[in-house]
Every structure is written in structure tokens, then in C-alpha cells.
>>> print(open('target-v8.cif').read())   # mmCIF, N, CA, C and O atoms
data_upload
loop_
_atom_site.label_atom_id
_atom_site.label_comp_id
_atom_site.auth_asym_id
_atom_site.auth_seq_id
_atom_site.Cartn_x
_atom_site.Cartn_y
_atom_site.Cartn_z
N ALA V 57 -75.21 46.41 36.85
CA ALA V 57 -74.84 47.78 36.51
C ALA V 57 -75.94 48.73 36.98
O ALA V 57 -77.09 48.34 37.12
N GLY V 58 -75.53 49.96 37.15
CA GLY V 58 -76.48 50.97 37.60
C GLY V 58 -77.47 51.34 36.51
O GLY V 58 -77.22 51.15 35.32
N ALA V 59 -78.59 51.85 36.92
CA ALA V 59 -79.62 52.28 35.97
C ALA V 59 -79.44 53.76 35.67
O ALA V 59 -78.99 54.51 36.54
N PRO V 60 -79.78 54.20 34.47
CA PRO V 60 -79.69 55.63 34.16
C PRO V 60 -80.49 56.44 35.18
O PRO V 60 -81.60 56.06 35.56
N GLY V 61 -79.90 57.48 35.67
CA GLY V 61 -80.55 58.34 36.64
C GLY V 61 -80.28 57.93 38.09
O GLY V 61 -80.53 58.68 39.01
N GLU V 62 -79.79 56.72 38.27
CA GLU V 62 -79.46 56.24 39.62
C GLU V 62 -78.18 56.92 40.10
O GLU V 62 -77.29 57.20 39.32
N ILE V 63 -78.08 57.19 41.40
CA ILE V 63 -76.89 57.82 41.97
C ILE V 63 -76.30 56.89 43.02
O ILE V 63 -76.99 56.47 43.95
N TRP V 64 -75.03 56.56 42.85
CA TRP V 64 -74.29 55.75 43.82
C TRP V 64 -73.41 56.71 44.61
O TRP V 64 -72.55 57.38 44.04
N VAL V 65 -73.60 56.79 45.91
CA VAL V 65 -72.78 57.65 46.76
C VAL V 65 -71.78 56.77 47.50
O VAL V 65 -72.17 55.85 48.21
N ILE V 66 -70.50 57.04 47.30
CA ILE V 66 -69.44 56.32 47.98
C ILE V 66 -68.83 57.27 49.00
O ILE V 66 -68.26 58.29 48.63
N ARG V 67 -68.98 56.97 50.26
CA ARG V 67 -68.45 57.81 51.34
C ARG V 67 -67.03 57.35 51.65
O ARG V 67 -66.81 56.44 52.44
N CYS V 68 -66.07 58.00 50.99
CA CYS V 68 -64.67 57.59 51.07
C CYS V 68 -64.13 57.68 52.50
O CYS V 68 -63.34 56.84 52.91
N ARG V 69 -64.56 58.65 53.26
CA ARG V 69 -64.07 58.82 54.63
C ARG V 69 -64.51 57.64 55.50
O ARG V 69 -63.80 57.21 56.39
N GLY V 70 -65.68 57.09 55.25
CA GLY V 70 -66.21 56.02 56.08
C GLY V 70 -65.67 54.64 55.75
O GLY V 70 -65.92 53.69 56.48
N LEU V 71 -64.93 54.51 54.66
CA LEU V 71 -64.38 53.21 54.28
C LEU V 71 -63.11 52.92 55.06
O LEU V 71 -62.30 53.82 55.28
N ALA V 72 -62.93 51.69 55.46
CA ALA V 72 -61.67 51.28 56.08
C ALA V 72 -60.54 51.54 55.09
O ALA V 72 -60.71 51.33 53.88
N ALA V 73 -59.41 51.99 55.58
CA ALA V 73 -58.29 52.37 54.71
C ALA V 73 -57.93 51.28 53.72
O ALA V 73 -57.68 51.55 52.54
N GLU V 74 -57.92 50.02 54.17
CA GLU V 74 -57.52 48.93 53.29
C GLU V 74 -58.60 48.58 52.27
O GLU V 74 -58.35 47.83 51.33
N ARG V 75 -59.81 49.10 52.40
CA ARG V 75 -60.91 48.80 51.48
C ARG V 75 -61.17 49.90 50.46
O ARG V 75 -61.98 49.73 49.57
N ARG V 76 -60.51 51.02 50.58
CA ARG V 76 -60.84 52.17 49.73
C ARG V 76 -60.59 51.88 48.26
O ARG V 76 -61.45 52.17 47.42
N ALA V 77 -59.45 51.32 47.90
CA ALA V 77 -59.17 51.04 46.50
C ALA V 77 -60.11 49.96 45.96
O ALA V 77 -60.65 50.09 44.86
N ALA V 78 -60.33 48.90 46.74
CA ALA V 78 -61.22 47.82 46.29
C ALA V 78 -62.65 48.31 46.13
O ALA V 78 -63.37 47.85 45.24
N ALA V 79 -63.08 49.25 46.97
CA ALA V 79 -64.44 49.78 46.86
C ALA V 79 -64.65 50.49 45.52
O ALA V 79 -65.73 50.47 44.97
N LEU V 80 -63.60 51.11 45.00
CA LEU V 80 -63.71 51.81 43.72
C LEU V 80 -63.47 50.89 42.53
O LEU V 80 -64.22 50.92 41.56
N PHE V 81 -62.41 50.09 42.59
CA PHE V 81 -61.97 49.34 41.43
C PHE V 81 -62.35 47.87 41.44
O PHE V 81 -62.21 47.19 40.43
N GLY V 82 -62.80 47.35 42.57
CA GLY V 82 -63.09 45.93 42.68
C GLY V 82 -61.82 45.15 42.98
O GLY V 82 -60.74 45.70 43.07
N SER V 83 -61.98 43.85 43.15
CA SER V 83 -60.85 42.99 43.49
C SER V 83 -61.10 41.60 42.94
O SER V 83 -62.16 41.30 42.40
N LEU V 84 -60.11 40.73 43.11
CA LEU V 84 -60.25 39.35 42.68
C LEU V 84 -61.30 38.65 43.55
O LEU V 84 -61.56 39.08 44.67
N PRO V 85 -61.85 37.54 43.04
CA PRO V 85 -62.81 36.79 43.85
C PRO V 85 -62.16 36.30 45.14
O PRO V 85 -60.98 35.98 45.16
N HIS V 86 -62.95 36.23 46.20
CA HIS V 86 -62.45 35.73 47.48
C HIS V 86 -63.25 34.51 47.88
O HIS V 86 -64.46 34.46 47.71
N ASP V 87 -62.57 33.52 48.42
CA ASP V 87 -63.22 32.32 48.96
C ASP V 87 -64.17 31.66 47.96
O ASP V 87 -65.25 31.23 48.32
N GLY V 88 -63.77 31.63 46.70
CA GLY V 88 -64.57 30.95 45.69
C GLY V 88 -65.80 31.71 45.24
O GLY V 88 -66.56 31.23 44.43
N GLY V 89 -65.99 32.92 45.76
CA GLY V 89 -67.15 33.72 45.36
C GLY V 89 -66.91 34.39 44.02
O GLY V 89 -65.86 34.24 43.41
N GLY V 90 -67.88 35.12 43.59
CA GLY V 90 -67.76 35.84 42.33
C GLY V 90 -66.81 37.01 42.46
O GLY V 90 -66.32 37.31 43.54
N PRO V 91 -66.52 37.66 41.36
CA PRO V 91 -65.61 38.79 41.38
C PRO V 91 -66.14 39.90 42.29
O PRO V 91 -67.34 40.14 42.35
N GLY V 92 -65.24 40.52 43.00
CA GLY V 92 -65.61 41.65 43.83
C GLY V 92 -65.65 42.91 42.97
O GLY V 92 -64.61 43.49 42.68
N ARG V 93 -66.82 43.28 42.50
CA ARG V 93 -66.94 44.46 41.64
C ARG V 93 -66.92 45.72 42.49
O ARG V 93 -67.48 45.75 43.58
N GLY V 94 -66.30 46.75 41.97
CA GLY V 94 -66.21 48.02 42.66
C GLY V 94 -67.21 49.03 42.11
O GLY V 94 -67.95 48.75 41.17
N ALA V 95 -67.21 50.21 42.69
CA ALA V 95 -68.19 51.25 42.34
C ALA V 95 -68.11 51.65 40.87
O ALA V 95 -69.14 51.92 40.26
N LEU V 96 -66.93 51.70 40.29
CA LEU V 96 -66.83 52.11 38.88
C LEU V 96 -67.52 51.11 37.97
O LEU V 96 -68.10 51.48 36.96
N GLU V 97 -67.48 49.84 38.34
CA GLU V 97 -68.13 48.80 37.54
C GLU V 97 -69.61 48.69 37.88
O GLU V 97 -70.46 48.61 37.00
N LEU V 98 -69.93 48.70 39.17
CA LEU V 98 -71.33 48.57 39.59
C LEU V 98 -72.17 49.77 39.17
O LEU V 98 -73.35 49.63 38.88
N GLY V 99 -71.55 50.93 39.14
CA GLY V 99 -72.29 52.14 38.81
C GLY V 99 -72.30 52.49 37.34
O GLY V 99 -72.75 53.57 36.95
N ALA V 100 -71.83 51.58 36.49
CA ALA V 100 -71.80 51.84 35.05
C ALA V 100 -73.20 52.21 34.56
O ALA V 100 -74.17 51.54 34.86
N GLY V 101 -73.28 53.30 33.85
CA GLY V 101 -74.57 53.76 33.31
C GLY V 101 -75.31 54.68 34.24
O GLY V 101 -76.37 55.19 33.90
N SER V 102 -74.79 54.88 35.43
CA SER V 102 -75.43 55.77 36.39
C SER V 102 -74.41 56.81 36.87
O SER V 102 -73.36 56.95 36.28
N THR V 103 -74.73 57.51 37.94
CA THR V 103 -73.82 58.50 38.50
C THR V 103 -73.16 57.93 39.74
O THR V 103 -73.85 57.39 40.62
N VAL V 104 -71.83 58.02 39.80
CA VAL V 104 -71.08 57.62 40.99
C VAL V 104 -70.52 58.89 41.59
O VAL V 104 -69.74 59.60 40.97
N TYR V 105 -70.95 59.19 42.82
CA TYR V 105 -70.50 60.39 43.52
C TYR V 105 -69.54 59.97 44.64
O TYR V 105 -69.91 59.17 45.50
N LEU V 106 -68.32 60.49 44.60
CA LEU V 106 -67.32 60.17 45.61
C LEU V 106 -67.30 61.28 46.64
O LEU V 106 -66.74 62.35 46.41
N ASP V 107 -67.92 61.01 47.79
CA ASP V 107 -67.95 61.98 48.89
C ASP V 107 -66.62 61.89 49.64
O ASP V 107 -66.16 60.80 49.96
N ASP V 108 -66.01 63.04 49.91
CA ASP V 108 -64.72 63.10 50.61
C ASP V 108 -63.63 62.34 49.86
O ASP V 108 -62.82 61.63 50.48
N ALA V 109 -63.56 62.51 48.56
CA ALA V 109 -62.53 61.83 47.76
C ALA V 109 -61.13 62.25 48.19
O ALA V 109 -60.17 61.51 47.98
N ASP V 110 -61.01 63.41 48.83
CA ASP V 110 -59.71 63.85 49.31
C ASP V 110 -59.19 62.95 50.44
O ASP V 110 -58.00 63.00 50.77
N CYS V 111 -60.03 62.11 51.01
CA CYS V 111 -59.61 61.17 52.06
C CYS V 111 -58.97 59.92 51.48
O CYS V 111 -58.44 59.10 52.23
N LEU V 112 -59.05 59.75 50.17
CA LEU V 112 -58.42 58.60 49.55
C LEU V 112 -56.91 58.76 49.62
O LEU V 112 -56.38 59.87 49.44
N PRO V 113 -56.17 57.67 49.85
CA PRO V 113 -54.71 57.75 49.86
C PRO V 113 -54.21 58.24 48.50
O PRO V 113 -54.86 58.02 47.47
N PRO V 114 -53.06 58.92 48.48
CA PRO V 114 -52.53 59.46 47.22
C PRO V 114 -52.44 58.43 46.09
O PRO V 114 -52.74 58.74 44.95
N GLU V 115 -52.05 57.20 46.41
CA GLU V 115 -51.91 56.19 45.35
C GLU V 115 -53.27 55.81 44.76
O GLU V 115 -53.38 55.52 43.58
N VAL V 116 -54.32 55.86 45.57
CA VAL V 116 -55.67 55.58 45.07
C VAL V 116 -56.16 56.76 44.24
O VAL V 116 -56.80 56.58 43.19
N GLN V 117 -55.87 57.97 44.67
CA GLN V 117 -56.24 59.16 43.90
C GLN V 117 -55.56 59.14 42.53
O GLN V 117 -56.18 59.45 41.52
N THR V 118 -54.29 58.74 42.51
CA THR V 118 -53.56 58.66 41.24
C THR V 118 -54.18 57.59 40.34
O THR V 118 -54.37 57.82 39.14
N ARG V 119 -54.51 56.46 40.91
CA ARG V 119 -55.14 55.38 40.13
C ARG V 119 -56.49 55.83 39.59
O ARG V 119 -56.85 55.54 38.44
N LEU V 120 -57.25 56.56 40.39
CA LEU V 120 -58.55 57.08 39.96
C LEU V 120 -58.36 58.09 38.83
O LEU V 120 -59.08 58.06 37.84
N GLN V 121 -57.39 58.97 38.98
CA GLN V 121 -57.12 59.95 37.93
C GLN V 121 -56.76 59.25 36.62
O GLN V 121 -57.25 59.62 35.55
N ASP V 122 -55.91 58.24 36.70
CA ASP V 122 -55.54 57.48 35.49
C ASP V 122 -56.76 56.84 34.84
O ASP V 122 -56.91 56.85 33.62
N ALA V 123 -57.66 56.29 35.67
CA ALA V 123 -58.87 55.66 35.14
C ALA V 123 -59.77 56.69 34.47
O ALA V 123 -60.32 56.45 33.39
N LEU V 124 -59.91 57.86 35.08
CA LEU V 124 -60.75 58.91 34.50
C LEU V 124 -60.17 59.42 33.19
O LEU V 124 -60.91 59.71 32.25
N GLU V 125 -58.85 59.54 33.12
CA GLU V 125 -58.22 60.03 31.89
C GLU V 125 -58.26 59.00 30.77
O GLU V 125 -58.45 59.35 29.61
N SER V 126 -58.08 57.72 31.11
CA SER V 126 -58.00 56.69 30.06
C SER V 126 -59.34 56.01 29.78
O SER V 126 -59.54 55.48 28.69
N GLY V 127 -60.25 56.01 30.76
CA GLY V 127 -61.51 55.28 30.61
C GLY V 127 -61.38 53.80 30.90
O GLY V 127 -62.31 53.04 30.66
N TRP V 128 -60.23 53.36 31.43
CA TRP V 128 -59.98 51.95 31.73
C TRP V 128 -59.48 51.82 33.16
O TRP V 128 -58.83 52.71 33.68
N PHE V 129 -59.78 50.66 33.77
CA PHE V 129 -59.22 50.37 35.08
C PHE V 129 -59.10 48.86 35.25
O PHE V 129 -59.70 48.10 34.50
N LEU V 130 -58.30 48.45 36.21
CA LEU V 130 -58.13 47.04 36.55
C LEU V 130 -58.64 46.80 37.96
O LEU V 130 -58.47 47.65 38.84
N ARG V 131 -59.24 45.64 38.18
CA ARG V 131 -59.56 45.25 39.55
C ARG V 131 -58.24 45.03 40.29
O ARG V 131 -57.23 44.66 39.68
N LEU V 132 -58.26 45.20 41.59
CA LEU V 132 -57.06 44.97 42.39
C LEU V 132 -56.63 43.52 42.28
O LEU V 132 -57.46 42.62 42.26
N GLY V 133 -55.32 43.31 42.20
CA GLY V 133 -54.77 41.96 42.19
C GLY V 133 -54.76 41.28 40.84
O GLY V 133 -54.44 40.11 40.74
N THR V 134 -55.09 42.00 39.78
CA THR V 134 -55.08 41.39 38.45
C THR V 134 -54.40 42.32 37.46
O THR V 134 -54.39 43.52 37.62
N LEU V 135 -53.82 41.72 36.45
CA LEU V 135 -53.21 42.48 35.36
C LEU V 135 -53.96 42.24 34.07
O LEU V 135 -53.59 42.75 33.03
N ALA V 136 -55.00 41.44 34.13
CA ALA V 136 -55.76 41.08 32.94
C ALA V 136 -57.18 41.62 33.03
O ALA V 136 -57.67 41.96 34.09
N ARG V 137 -57.84 41.68 31.89
CA ARG V 137 -59.25 42.07 31.79
C ARG V 137 -59.52 43.47 32.33
O ARG V 137 -60.28 43.66 33.26
N ALA V 138 -58.87 44.41 31.73
CA ALA V 138 -59.16 45.80 32.07
C ALA V 138 -60.63 46.08 31.81
O ALA V 138 -61.22 45.55 30.88
N ARG V 139 -61.20 46.89 32.66
CA ARG V 139 -62.61 47.25 32.54
C ARG V 139 -62.72 48.64 31.95
O ARG V 139 -62.02 49.56 32.35
N ARG V 140 -63.62 48.82 31.02
CA ARG V 140 -63.84 50.12 30.40
C ARG V 140 -65.08 50.75 31.01
O ARG V 140 -66.05 50.06 31.30
N PHE V 141 -65.01 52.03 31.24
CA PHE V 141 -66.19 52.74 31.71
C PHE V 141 -66.22 54.11 31.07
O PHE V 141 -65.20 54.62 30.62
N LEU V 142 -67.39 54.67 30.98
CA LEU V 142 -67.56 55.99 30.40
C LEU V 142 -67.94 56.95 31.52
O LEU V 142 -68.67 56.58 32.43
N TRP V 143 -67.46 58.14 31.43
CA TRP V 143 -67.81 59.12 32.44
C TRP V 143 -67.96 60.48 31.81
O TRP V 143 -67.46 60.75 30.73
N ARG V 144 -68.71 61.30 32.49
CA ARG V 144 -68.91 62.69 32.06
C ARG V 144 -68.50 63.58 33.23
O ARG V 144 -68.92 63.34 34.36
N PRO V 145 -67.73 64.62 32.96
CA PRO V 145 -67.35 65.54 34.06
C PRO V 145 -68.54 66.34 34.54
O PRO V 145 -69.54 66.46 33.90
#
>>> encode(input="target-v8.cif", output="C-alpha cells")
Amino acid sequence: AGAPGEIWVIRCRGLAAERRAAALFGSLPHDGGGPGRGALELGAGSTVYLDDADCLPPEVQTRLQDALESGWFLRLGTLARARRFLWRP
């Protein structure tokens, strides 16, 4: 997790289109590795800045809005183990 005062900058425009949602929310483990944690999970306790968030596809923007409103999100490809995060506007 991020340290207090640390800033994570996610350059949404620079991410490959198919990686944008996983970069934010994480994904299931691949090839026997550990869970693919996303920025919302990795940056817990710090600041996550989304540069060019308008470049995110509409469905990812909607998912991000839902996460910000509820404080919960799911990694891609799973319906279990919702992750909780706290944020300040």
C-alpha cells in the first residue's frame, strides 16, 4: 500500500486500451502469479492522481464513479472479495 503523502500518478492516456480498467481496479492472478493489484489498491493511504481520466472508456469511467461513490470495487474477472478504499475529494 502507498505511504501517507506519497503520490501515485496514473497516466490514463499512455495506457493500452485493454489495460486501463486493470490498471485502476486490478485483475485476477495470471500464470500462477499473485493477484494483479490496481492503482486503487496499491495507492491505499496515499494520493492517486488520474492524469487524462477523460481518456478512459465510458464503461471504465462509470465503474470508477461507482467505486468513488460506494467506496468499494472489484478486481476485473471476479465477483468475490470486493475491496474497500477511502478517498477524499
>>> resolve_selection(input="target-v8.cif", expression="the PyMOL selection byres ((chain V and resi 110-120) around 8)", output="ChimeraX atom specification")
/V:68-71,73,76-77,106-109,121-130
>>> resolve_selection(input="target-v8.cif", expression="the PyMOL selection byres ((chain V and resi 81) around 6)", output="ChimeraX atom specification")
/V:76-80,82-83,92-96,130-132
>>> select_by_dssp(input="target-v8.cif", residues="chain V", states="strand (DSSP E)", output="number ranges by chain")
V: 63-67, 103-107, 128-129, 139-140
>>> atom_distance(input="target-v8.cif", atom1="atom N of V:Thr103", atom2="atom C of V:Ala138")
19.2 Å
>>> atom_distance(input="target-v8.cif", atom1="atom CA of V:Glu97", atom2="atom C of V:Arg140")
7.5 Å
>>> select_by_dssp(input="target-v8.cif", residues="stretch 76-136 of chain V", states="helix (DSSP H, G or I)", output="PyMOL selection string")
chain V and resi 76-81+95-98+109-111+114-126
>>> atom_distance(input="target-v8.cif", atom1="atom CA of V:Leu135", atom2="atom CA of V:Val65")
27.3 Å
>>> residues_around(input="target-v8.cif", residues="V:Ile63", least_positions_apart="6", cutoff="6 Å", atoms="all atoms listed in the file", output="mmCIF file with N, CA, C and O atoms, keeping the file's coordinate frame")
data_model
loop_
_atom_site.group_PDB
_atom_site.id
_atom_site.type_symbol
_atom_site.label_atom_id
_atom_site.label_comp_id
_atom_site.auth_asym_id
_atom_site.auth_seq_id
_atom_site.Cartn_x
_atom_site.Cartn_y
_atom_site.Cartn_z
ATOM 1 N N SER V 102 -74.790 54.880 35.430
ATOM 2 C CA SER V 102 -75.430 55.770 36.390
ATOM 3 C C SER V 102 -74.410 56.810 36.870
ATOM 4 O O SER V 102 -73.360 56.950 36.280
ATOM 5 N N THR V 103 -74.730 57.510 37.940
ATOM 6 C CA THR V 103 -73.820 58.500 38.500
ATOM 7 C C THR V 103 -73.160 57.930 39.740
ATOM 8 O O THR V 103 -73.850 57.390 40.620
ATOM 9 N N VAL V 104 -71.830 58.020 39.800
ATOM 10 C CA VAL V 104 -71.080 57.620 40.990
ATOM 11 C C VAL V 104 -70.520 58.890 41.590
ATOM 12 O O VAL V 104 -69.740 59.600 40.970
ATOM 13 N N TYR V 105 -70.950 59.190 42.820
ATOM 14 C CA TYR V 105 -70.500 60.390 43.520
ATOM 15 C C TYR V 105 -69.540 59.970 44.640
ATOM 16 O O TYR V 105 -69.910 59.170 45.500
#
